[in-house]
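Here's the structure, in C-alpha cells; my notes come after.
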Amino acid sequence: MSFRFKFSIAISILILLVTMGAAGWVWERNGAYGFNTFFRRGGTYWISIKADDSRLSPSMRLALSDPQPVAQPGPLVWQEPEKGFEVAELPVMVNGQEVDRILLNRIDPTLYRFVARNAPNGDKGIDEWEQTLPNAILIVNGSYYDLKGKPDTPIISNGIALGPTTYDARAGAFVAGDGFADIKDLSHQDWQAALTGAANAMVSYPLLIGADGQTHVTTNSRWLANRTFVGKDGAGRIIVGTTKEAFFPLGPLAEFLKRSPLDLKTALNFDGGPIACQSVRLSGFQRKLYARWEAQVYGDEVRLLRWPLSNATWAMPMVLTVERK
C-alpha cells in the first residue's frame, strides 16, 4: 500500500474514533435527548449582543430600556367554545401600545382532566404531541427537566411518581385529580404532602402569586422569555396562559397578573423560552403558538439563545395537557 493510502486510512480511523468518542460523551451526558436535540435543531448556543440589537424582538428591546416600562392589561373578552372551557387573549399595553399578548384558557376542573406528561427522548415538540395525543384539547409546556429530558422536579403522571425523590421545594405545585385541580403554596408545607391524593401533579417555580395574594418572586432578574403559567381564580377555575412575546421578566409578570382582571388567587410559573408553546383544539376554535425567545441579561450584556436550524421547532419534554372526560 502507498503512503498516501495508509495515511487516508489512518485519518479515517482517527475521525471515526473521535466521532465515536463524541457520541459516547453526548450519550453519557444527555442520553437520547441530546441526540434528538442535535438532529432536531442542530444544537443550541448563546450569542452576546447589546440591548438595542435588531436580533431581539421590538418587545424585548422595549423591556430592556431604562427605566423599565410598566405594562397595563388591555381589554379582555372571554368566549366559550365548549362548556366549561373558555378562551381569550389579554393584550399587554405600554403607553397605549400593545407589546405582548397572553393566550389564555379558563377551565372548569370538574368537567375536564389535567395530565402531566414526560417524553425524555426529546422527540416530541408541539406538533408531535398533537399527533400522539389526538384527544388533548390543550397542550402547553410544563415544569423543568434535566440534561436527559427527565423531570427536574417531582411530578406525578397518571398516578406514577417521576423525578427526584429528594427535593427542596419552597415555591408551588400544580395538583389535579378526579374533579379537582389546584395550586399548592409550598411556603409552609412539604411537597410530598401537597401531592398526596393527586393523580397528576408538577412541582415548579417560582410561585408568581402565593396563597397570601402576594408576589413570591424573590429575584430581580431581567431574564426575558416566552412564559407559561397556571393559576386558579376566585371561582375555582384553572387558568393556563402563555405569552406570545418575551416582554416579561418573572417579577414584572407576577405584578402584571396581580393587576389583571383574571382574579387570580394563586399562580405558578412553568418553564419558559422556546419550549413555551401552546396548542388548543376545541370545537370551532383552534390556536397554536410556536415560542422562540429567551435572553439572559447581565448589566449591559444580553445573551440571546440561538440554534442553527432556525425554522426548527423545539422538543417539549414536559407538558401539561387537558382532555375531555
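Here's how to read the names in the C-alpha cells: chain A, B, ... by the order shown, residue numbers from 1 in each chain, ligand numbers from 1 in the order shown.
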
- Message: Residues within 7 Å of region 99-104 of chain A, please, as a PyMOL selection string. Count only C-alpha atoms; anything in the same chain fewer than 6 positions from it doesn't count.
- Response: chain A and resi 59+87-93+239-245+247

- Message: What's around region 160-170 of chain A at 8 Å? Count only C-alpha atoms, leave out sequence neighbours fewer than 6 positions away in its own chain, and write the answer as number ranges by chain.
- Response: A: 150-154, 186-188, 190-191, 199, 203

- Query: Mind pulling up the distance from CA of Thr321 (chain A) to CA of Gly84 (chain A)?
  - Reply: 15.6 Å

Taking the chain letters and numbering used in this document, name the residues of region 204-281 of chain A that DSSP puts in strand (DSSP E or B), as a JSON list (two decimals) with N, CA and C atoms, in the first residue's frame.
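Output contents, as saved in part_13.json:
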[["chain", "number", "residue", "atom", "x", "y", "z"],
["A", 204, "SER", "N", -43.13, 23.19, 40.58],
["A", 204, "SER", "CA", -42.44, 24.15, 39.72],
["A", 204, "SER", "C", -42.09, 25.40, 40.51],
["A", 207, "LEU", "N", -43.37, 30.72, 42.47],
["A", 207, "LEU", "CA", -44.79, 30.97, 42.69],
["A", 207, "LEU", "C", -45.03, 32.45, 42.40],
["A", 208, "LEU", "N", -45.75, 32.72, 41.34],
["A", 208, "LEU", "CA", -45.96, 34.12, 40.94],
["A", 208, "LEU", "C", -46.88, 34.85, 41.90],
["A", 209, "ILE", "N", -47.96, 34.18, 42.30],
["A", 209, "ILE", "CA", -48.88, 34.72, 43.29],
["A", 209, "ILE", "C", -49.14, 33.63, 44.32],
["A", 215, "THR", "N", -46.83, 38.56, 45.57],
["A", 215, "THR", "CA", -45.84, 38.01, 44.64],
["A", 215, "THR", "C", -44.76, 37.27, 45.42],
["A", 224, "LEU", "N", -35.51, 37.48, 29.99],
["A", 224, "LEU", "CA", -36.70, 37.57, 29.15],
["A", 224, "LEU", "C", -36.93, 36.25, 28.43],
["A", 225, "ALA", "N", -38.20, 35.86, 28.31],
["A", 225, "ALA", "CA", -38.52, 34.61, 27.63],
["A", 225, "ALA", "C", -40.02, 34.55, 27.38],
["A", 228, "THR", "N", -45.04, 30.55, 30.35],
["A", 228, "THR", "CA", -46.27, 29.80, 30.58],
["A", 228, "THR", "C", -46.54, 29.77, 32.08],
["A", 229, "PHE", "N", -47.78, 29.99, 32.47],
["A", 229, "PHE", "CA", -48.14, 29.91, 33.89],
["A", 229, "PHE", "C", -49.47, 29.20, 34.02],
["A", 230, "VAL", "N", -49.73, 28.69, 35.21],
["A", 230, "VAL", "CA", -51.02, 28.09, 35.54],
["A", 230, "VAL", "C", -51.49, 28.70, 36.84],
["A", 231, "GLY", "N", -52.76, 29.06, 36.91],
["A", 231, "GLY", "CA", -53.29, 29.71, 38.10],
["A", 231, "GLY", "C", -54.70, 29.25, 38.42],
["A", 232, "LYS", "N", -55.19, 29.70, 39.56],
["A", 232, "LYS", "CA", -56.55, 29.40, 39.99],
["A", 232, "LYS", "C", -57.24, 30.71, 40.34],
["A", 233, "ASP", "N", -58.46, 30.90, 39.82],
["A", 233, "ASP", "CA", -59.16, 32.15, 40.08],
["A", 233, "ASP", "C", -60.14, 32.01, 41.24],
["A", 238, "ILE", "N", -59.30, 26.88, 36.62],
["A", 238, "ILE", "CA", -57.87, 26.87, 36.33],
["A", 238, "ILE", "C", -57.61, 27.71, 35.09],
["A", 239, "ILE", "N", -56.68, 28.63, 35.20],
["A", 239, "ILE", "CA", -56.30, 29.49, 34.08],
["A", 239, "ILE", "C", -54.89, 29.12, 33.65],
["A", 240, "VAL", "N", -54.74, 28.79, 32.38],
["A", 240, "VAL", "CA", -53.44, 28.46, 31.79],
["A", 240, "VAL", "C", -53.15, 29.52, 30.73],
["A", 241, "GLY", "N", -52.00, 30.19, 30.87],
["A", 241, "GLY", "CA", -51.66, 31.27, 29.96],
["A", 241, "GLY", "C", -50.26, 31.14, 29.41],
["A", 242, "THR", "N", -50.06, 31.60, 28.18],
["A", 242, "THR", "CA", -48.77, 31.61, 27.53],
["A", 242, "THR", "C", -48.57, 32.97, 26.86],
["A", 243, "THR", "N", -47.41, 33.58, 27.06],
["A", 243, "THR", "CA", -47.16, 34.86, 26.42],
["A", 243, "THR", "C", -46.73, 34.64, 24.97],
["A", 264, "LEU", "N", -56.87, 36.15, 39.76],
["A", 264, "LEU", "CA", -56.03, 35.03, 40.16],
["A", 264, "LEU", "C", -55.78, 35.07, 41.67],
["A", 265, "LYS", "N", -56.07, 33.96, 42.33],
["A", 265, "LYS", "CA", -55.77, 33.84, 43.76],
["A", 265, "LYS", "C", -54.40, 33.22, 44.00],
["A", 266, "THR", "N", -53.98, 32.35, 43.07],
["A", 266, "THR", "CA", -52.63, 31.78, 43.07],
["A", 266, "THR", "C", -52.20, 31.62, 41.62],
["A", 267, "ALA", "N", -50.89, 31.66, 41.40],
["A", 267, "ALA", "CA", -50.36, 31.46, 40.04],
["A", 267, "ALA", "C", -48.95, 30.92, 40.14],
["A", 268, "LEU", "N", -48.65, 29.93, 39.31],
["A", 268, "LEU", "CA", -47.37, 29.23, 39.34],
["A", 268, "LEU", "C", -46.72, 29.29, 37.97],
["A", 269, "ASN", "N", -45.45, 29.63, 37.94],
["A", 269, "ASN", "CA", -44.69, 29.67, 36.69],
["A", 269, "ASN", "C", -44.24, 28.27, 36.28],
["A", 278, "GLN", "N", -48.00, 26.45, 22.78],
["A", 278, "GLN", "CA", -49.38, 26.17, 23.20],
["A", 278, "GLN", "C", -50.20, 25.69, 22.02],
["A", 279, "SER", "N", -50.99, 24.66, 22.25],
["A", 279, "SER", "CA", -51.93, 24.15, 21.25],
["A", 279, "SER", "C", -53.31, 24.05, 21.88],
["A", 280, "VAL", "N", -54.33, 24.60, 21.20],
["A", 280, "VAL", "CA", -55.72, 24.48, 21.63],
["A", 280, "VAL", "C", -56.52, 23.93, 20.46],
["A", 281, "ARG", "N", -57.26, 22.85, 20.72],
["A", 281, "ARG", "CA", -58.08, 22.23, 19.67],
["A", 281, "ARG", "C", -59.47, 21.95, 20.23]]

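In the backbone-derived DSSP annotation, alpha helix (DSSP H) within region 58-133 of chain A comprises Pro58, Ser59, Met60, Arg61, Leu62, Ala63, Ile126, Asp127, Glu128, Trp129, Glu130, Gln131 and Thr132 of chain A.
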
I need the residues from that last selection saved to file as a short mmCIF file (atom, residue, chain, number, x, y, z; two decimals), in the first residue's frame (with all heavy atoms), if you can.
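Result written to selection15.cif:
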data_model
loop_
_atom_site.label_atom_id
_atom_site.label_comp_id
_atom_site.auth_asym_id
_atom_site.auth_seq_id
_atom_site.Cartn_x
_atom_site.Cartn_y
_atom_site.Cartn_z
N PRO A 58 -38.88 43.71 18.96
CA PRO A 58 -39.16 45.06 19.46
C PRO A 58 -39.64 45.06 20.91
O PRO A 58 -39.28 45.96 21.68
CB PRO A 58 -40.25 45.56 18.50
CG PRO A 58 -40.01 44.81 17.23
CD PRO A 58 -39.54 43.45 17.66
N SER A 59 -40.45 44.06 21.31
CA SER A 59 -40.93 43.99 22.68
C SER A 59 -39.80 43.76 23.66
O SER A 59 -39.77 44.32 24.76
CB SER A 59 -41.97 42.88 22.81
OG SER A 59 -43.14 43.20 22.08
N MET A 60 -38.83 42.93 23.27
CA MET A 60 -37.69 42.67 24.15
C MET A 60 -36.82 43.92 24.27
O MET A 60 -36.34 44.25 25.37
CB MET A 60 -36.89 41.48 23.63
CG MET A 60 -37.67 40.17 23.62
SD MET A 60 -36.81 38.82 22.78
CE MET A 60 -35.66 38.30 24.05
N ARG A 61 -36.61 44.61 23.18
CA ARG A 61 -35.81 45.84 23.24
C ARG A 61 -36.48 46.87 24.14
O ARG A 61 -35.81 47.56 24.92
CB ARG A 61 -35.58 46.40 21.83
CG ARG A 61 -34.76 45.48 20.94
CD ARG A 61 -34.18 46.20 19.74
NE ARG A 61 -35.19 46.73 18.84
CZ ARG A 61 -35.73 46.06 17.83
NH1 ARG A 61 -35.35 44.81 17.58
NH2 ARG A 61 -36.62 46.62 17.04
N LEU A 62 -37.81 46.97 24.06
CA LEU A 62 -38.53 47.89 24.94
C LEU A 62 -38.40 47.46 26.40
O LEU A 62 -38.18 48.30 27.29
CB LEU A 62 -40.00 47.94 24.54
CG LEU A 62 -40.90 48.81 25.42
CD1 LEU A 62 -40.47 50.27 25.34
CD2 LEU A 62 -42.36 48.66 25.01
N ALA A 63 -38.51 46.17 26.66
CA ALA A 63 -38.41 45.67 28.03
C ALA A 63 -37.05 45.97 28.65
O ALA A 63 -36.93 46.12 29.87
CB ALA A 63 -38.68 44.17 28.06
N ILE A 126 -44.43 20.45 19.83
CA ILE A 126 -45.88 20.66 19.88
C ILE A 126 -46.58 19.87 18.77
O ILE A 126 -47.67 19.34 18.99
CB ILE A 126 -46.19 22.18 19.80
CG1 ILE A 126 -47.65 22.44 20.19
CG2 ILE A 126 -45.85 22.75 18.43
CD1 ILE A 126 -47.94 22.26 21.63
N ASP A 127 -45.96 19.76 17.60
CA ASP A 127 -46.58 19.01 16.50
C ASP A 127 -46.69 17.53 16.84
O ASP A 127 -47.74 16.90 16.61
CB ASP A 127 -45.78 19.19 15.21
CG ASP A 127 -45.74 20.63 14.74
OD1 ASP A 127 -46.72 21.36 15.00
OD2 ASP A 127 -44.74 21.03 14.13
N GLU A 128 -45.61 16.95 17.36
CA GLU A 128 -45.61 15.52 17.68
C GLU A 128 -46.54 15.20 18.85
O GLU A 128 -47.18 14.14 18.86
CB GLU A 128 -44.19 15.04 17.98
CG GLU A 128 -43.26 15.03 16.77
CD GLU A 128 -42.65 16.38 16.47
OE1 GLU A 128 -42.86 17.34 17.27
OE2 GLU A 128 -41.97 16.51 15.45
N TRP A 129 -46.62 16.11 19.83
CA TRP A 129 -47.56 15.89 20.92
C TRP A 129 -48.99 15.88 20.39
O TRP A 129 -49.82 15.08 20.83
CB TRP A 129 -47.41 16.97 21.99
CG TRP A 129 -46.30 16.74 22.97
CD1 TRP A 129 -45.16 17.49 23.13
CD2 TRP A 129 -46.21 15.69 23.95
NE1 TRP A 129 -44.38 16.97 24.14
CE2 TRP A 129 -45.00 15.87 24.66
CE3 TRP A 129 -47.04 14.62 24.29
CZ2 TRP A 129 -44.60 15.01 25.67
CZ3 TRP A 129 -46.64 13.77 25.31
CH2 TRP A 129 -45.44 13.97 26.01
N GLU A 130 -49.30 16.77 19.45
CA GLU A 130 -50.64 16.77 18.86
C GLU A 130 -50.94 15.44 18.19
O GLU A 130 -52.04 14.89 18.31
CB GLU A 130 -50.76 17.90 17.85
CG GLU A 130 -50.92 19.29 18.46
CD GLU A 130 -51.14 20.35 17.41
OE1 GLU A 130 -50.75 20.13 16.23
OE2 GLU A 130 -51.70 21.41 17.74
N GLN A 131 -49.96 14.90 17.47
CA GLN A 131 -50.16 13.63 16.77
C GLN A 131 -50.30 12.48 17.76
O GLN A 131 -51.12 11.57 17.56
CB GLN A 131 -48.99 13.38 15.82
CG GLN A 131 -48.89 14.37 14.68
CD GLN A 131 -47.54 14.33 13.98
OE1 GLN A 131 -46.74 13.42 14.21
NE2 GLN A 131 -47.28 15.31 13.13
N THR A 132 -49.51 12.51 18.83
CA THR A 132 -49.54 11.43 19.83
C THR A 132 -50.81 11.47 20.66
O THR A 132 -51.32 10.42 21.07
CB THR A 132 -48.31 11.54 20.75
OG1 THR A 132 -47.12 11.49 19.97
CG2 THR A 132 -48.28 10.41 21.77
#

- Polymer residues at most 10 Å from Gly122 (chain A), only C-alpha atoms, same-chain spacing of 6 or more positions, as a ChimeraX atom specification: /A:31-38,40,148-150,314-318

Please save N, CA, C and O atoms of the selected residues as a PDB file, in the first residue's frame.
ATOM      1  N   GLY A  31     -28.018  11.548  26.940  1.00  0.00           N
ATOM      2  CA  GLY A  31     -28.862  10.462  26.504  1.00  0.00           C
ATOM      3  C   GLY A  31     -29.498  10.709  25.148  1.00  0.00           C
ATOM      4  O   GLY A  31     -29.000  11.485  24.329  1.00  0.00           O
ATOM      5  N   ALA A  32     -30.647  10.069  24.916  1.00  0.00           N
ATOM      6  CA  ALA A  32     -31.344  10.221  23.640  1.00  0.00           C
ATOM      7  C   ALA A  32     -31.786  11.659  23.422  1.00  0.00           C
ATOM      8  O   ALA A  32     -31.859  12.128  22.277  1.00  0.00           O
ATOM      9  N   TYR A  33     -32.063  12.372  24.524  1.00  0.00           N
ATOM     10  CA  TYR A  33     -32.487  13.762  24.396  1.00  0.00           C
ATOM     11  C   TYR A  33     -31.414  14.603  23.690  1.00  0.00           C
ATOM     12  O   TYR A  33     -31.726  15.440  22.841  1.00  0.00           O
ATOM     13  N   GLY A  34     -30.151  14.359  24.009  1.00  0.00           N
ATOM     14  CA  GLY A  34     -29.069  15.113  23.383  1.00  0.00           C
ATOM     15  C   GLY A  34     -28.979  14.869  21.891  1.00  0.00           C
ATOM     16  O   GLY A  34     -28.793  15.809  21.109  1.00  0.00           O
ATOM     17  N   PHE A  35     -29.109  13.620  21.480  1.00  0.00           N
ATOM     18  CA  PHE A  35     -29.047  13.312  20.047  1.00  0.00           C
ATOM     19  C   PHE A  35     -30.228  13.935  19.296  1.00  0.00           C
ATOM     20  O   PHE A  35     -30.064  14.495  18.215  1.00  0.00           O
ATOM     21  N   ASN A  36     -31.421  13.834  19.879  1.00  0.00           N
ATOM     22  CA  ASN A  36     -32.579  14.403  19.204  1.00  0.00           C
ATOM     23  C   ASN A  36     -32.527  15.931  19.167  1.00  0.00           C
ATOM     24  O   ASN A  36     -33.020  16.544  18.218  1.00  0.00           O
ATOM     25  N   THR A  37     -31.924  16.534  20.186  1.00  0.00           N
ATOM     26  CA  THR A  37     -31.726  17.985  20.158  1.00  0.00           C
ATOM     27  C   THR A  37     -30.855  18.381  18.973  1.00  0.00           C
ATOM     28  O   THR A  37     -31.156  19.346  18.252  1.00  0.00           O
ATOM     29  N   PHE A  38     -29.781  17.618  18.762  1.00  0.00           N
ATOM     30  CA  PHE A  38     -28.887  17.916  17.634  1.00  0.00           C
ATOM     31  C   PHE A  38     -29.589  17.705  16.297  1.00  0.00           C
ATOM     32  O   PHE A  38     -29.532  18.554  15.402  1.00  0.00           O
ATOM     33  N   ARG A  40     -32.743  17.668  15.676  1.00  0.00           N
ATOM     34  CA  ARG A  40     -33.949  18.484  15.531  1.00  0.00           C
ATOM     35  C   ARG A  40     -33.629  19.926  15.153  1.00  0.00           C
ATOM     36  O   ARG A  40     -34.264  20.513  14.277  1.00  0.00           O
ATOM     37  N   LYS A 148     -31.068  15.139  30.490  1.00  0.00           N
ATOM     38  CA  LYS A 148     -31.532  13.978  29.733  1.00  0.00           C
ATOM     39  C   LYS A 148     -33.031  14.025  29.452  1.00  0.00           C
ATOM     40  O   LYS A 148     -33.626  13.029  29.039  1.00  0.00           O
ATOM     41  N   GLY A 149     -33.639  15.198  29.662  1.00  0.00           N
ATOM     42  CA  GLY A 149     -35.046  15.361  29.355  1.00  0.00           C
ATOM     43  C   GLY A 149     -35.996  14.790  30.395  1.00  0.00           C
ATOM     44  O   GLY A 149     -37.209  14.763  30.188  1.00  0.00           O
ATOM     45  N   LYS A 150     -35.472  14.349  31.532  1.00  0.00           N
ATOM     46  CA  LYS A 150     -36.309  13.794  32.586  1.00  0.00           C
ATOM     47  C   LYS A 150     -36.737  14.892  33.555  1.00  0.00           C
ATOM     48  O   LYS A 150     -36.099  15.935  33.627  1.00  0.00           O
ATOM     49  N   TRP A 314     -38.909  23.322  18.808  1.00  0.00           N
ATOM     50  CA  TRP A 314     -38.240  22.717  19.965  1.00  0.00           C
ATOM     51  C   TRP A 314     -38.999  21.517  20.502  1.00  0.00           C
ATOM     52  O   TRP A 314     -40.232  21.483  20.469  1.00  0.00           O
ATOM     53  N   ALA A 315     -38.253  20.565  21.020  1.00  0.00           N
ATOM     54  CA  ALA A 315     -38.866  19.463  21.753  1.00  0.00           C
ATOM     55  C   ALA A 315     -39.392  19.977  23.088  1.00  0.00           C
ATOM     56  O   ALA A 315     -38.858  20.929  23.661  1.00  0.00           O
ATOM     57  N   MET A 316     -40.444  19.348  23.575  1.00  0.00           N
ATOM     58  CA  MET A 316     -41.069  19.705  24.852  1.00  0.00           C
ATOM     59  C   MET A 316     -41.092  18.462  25.738  1.00  0.00           C
ATOM     60  O   MET A 316     -42.059  17.694  25.721  1.00  0.00           O
ATOM     61  N   PRO A 317     -40.029  18.219  26.522  1.00  0.00           N
ATOM     62  CA  PRO A 317     -40.007  17.006  27.346  1.00  0.00           C
ATOM     63  C   PRO A 317     -41.104  16.966  28.411  1.00  0.00           C
ATOM     64  O   PRO A 317     -41.553  15.896  28.787  1.00  0.00           O
ATOM     65  N   MET A 318     -41.505  18.155  28.913  1.00  0.00           N
ATOM     66  CA  MET A 318     -42.523  18.220  29.958  1.00  0.00           C
ATOM     67  C   MET A 318     -43.729  18.987  29.413  1.00  0.00           C
ATOM     68  O   MET A 318     -43.586  20.117  28.936  1.00  0.00           O
TER      69      MET A 318
END

- Message: To one decimal place in Å, what is the distance between CA of Ala136 (chain A) and CA of Ala246 (chain A)?
- Response: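 Atom-to-atom, CA of Ala136 (chain A) to CA of Ala246 (chain A), that is 26.0 Å.
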
- Item | Selected residue of minimal separation from Phe285 (chain A) among A:Pro81, A:Pro252, A:Gly179, A:Pro134, counting only C-alpha atoms |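 Between A:Pro81, A:Pro252, A:Gly179, A:Pro134, the residue approaching Phe285 (chain A) most closely is A:Pro81.
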
- Which residues, written as a list in words, have at least one atom at most 7 Å from Phe180 (chain A), with only C-alpha atoms counted and residues fewer than 3 positions away on the same chain left out?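 Once the nearby chain positions are removed, what remains is Pro109, Thr110, Ala176 and Gly177 of chain A.
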
Would you save the residues from that selection as a PDB file, in the first residue's frame, using all heavy atoms?
ATOM      1  N   PRO A 109     -62.367  22.577  36.320  1.00  0.00           N
ATOM      2  CA  PRO A 109     -61.708  21.279  36.575  1.00  0.00           C
ATOM      3  C   PRO A 109     -62.677  20.149  36.881  1.00  0.00           C
ATOM      4  O   PRO A 109     -62.276  18.984  36.875  1.00  0.00           O
ATOM      5  CB  PRO A 109     -60.809  21.575  37.776  1.00  0.00           C
ATOM      6  CG  PRO A 109     -61.464  22.727  38.457  1.00  0.00           C
ATOM      7  CD  PRO A 109     -62.086  23.563  37.375  1.00  0.00           C
ATOM      8  N   THR A 110     -63.952  20.463  37.113  1.00  0.00           N
ATOM      9  CA  THR A 110     -64.916  19.385  37.332  1.00  0.00           C
ATOM     10  C   THR A 110     -65.355  18.752  36.016  1.00  0.00           C
ATOM     11  O   THR A 110     -65.947  17.660  36.023  1.00  0.00           O
ATOM     12  CB  THR A 110     -66.159  19.900  38.089  1.00  0.00           C
ATOM     13  OG1 THR A 110     -66.878  20.824  37.254  1.00  0.00           O
ATOM     14  CG2 THR A 110     -65.764  20.586  39.381  1.00  0.00           C
ATOM     15  N   ALA A 176     -53.765  17.823  40.436  1.00  0.00           N
ATOM     16  CA  ALA A 176     -55.072  17.554  39.830  1.00  0.00           C
ATOM     17  C   ALA A 176     -55.456  16.105  40.064  1.00  0.00           C
ATOM     18  O   ALA A 176     -54.608  15.219  40.168  1.00  0.00           O
ATOM     19  CB  ALA A 176     -55.037  17.864  38.331  1.00  0.00           C
ATOM     20  N   GLY A 177     -56.740  15.879  40.137  1.00  0.00           N
ATOM     21  CA  GLY A 177     -57.280  14.531  40.283  1.00  0.00           C
ATOM     22  C   GLY A 177     -58.683  14.495  39.735  1.00  0.00           C
ATOM     23  O   GLY A 177     -59.084  15.370  38.958  1.00  0.00           O
TER      24      GLY A 177
END
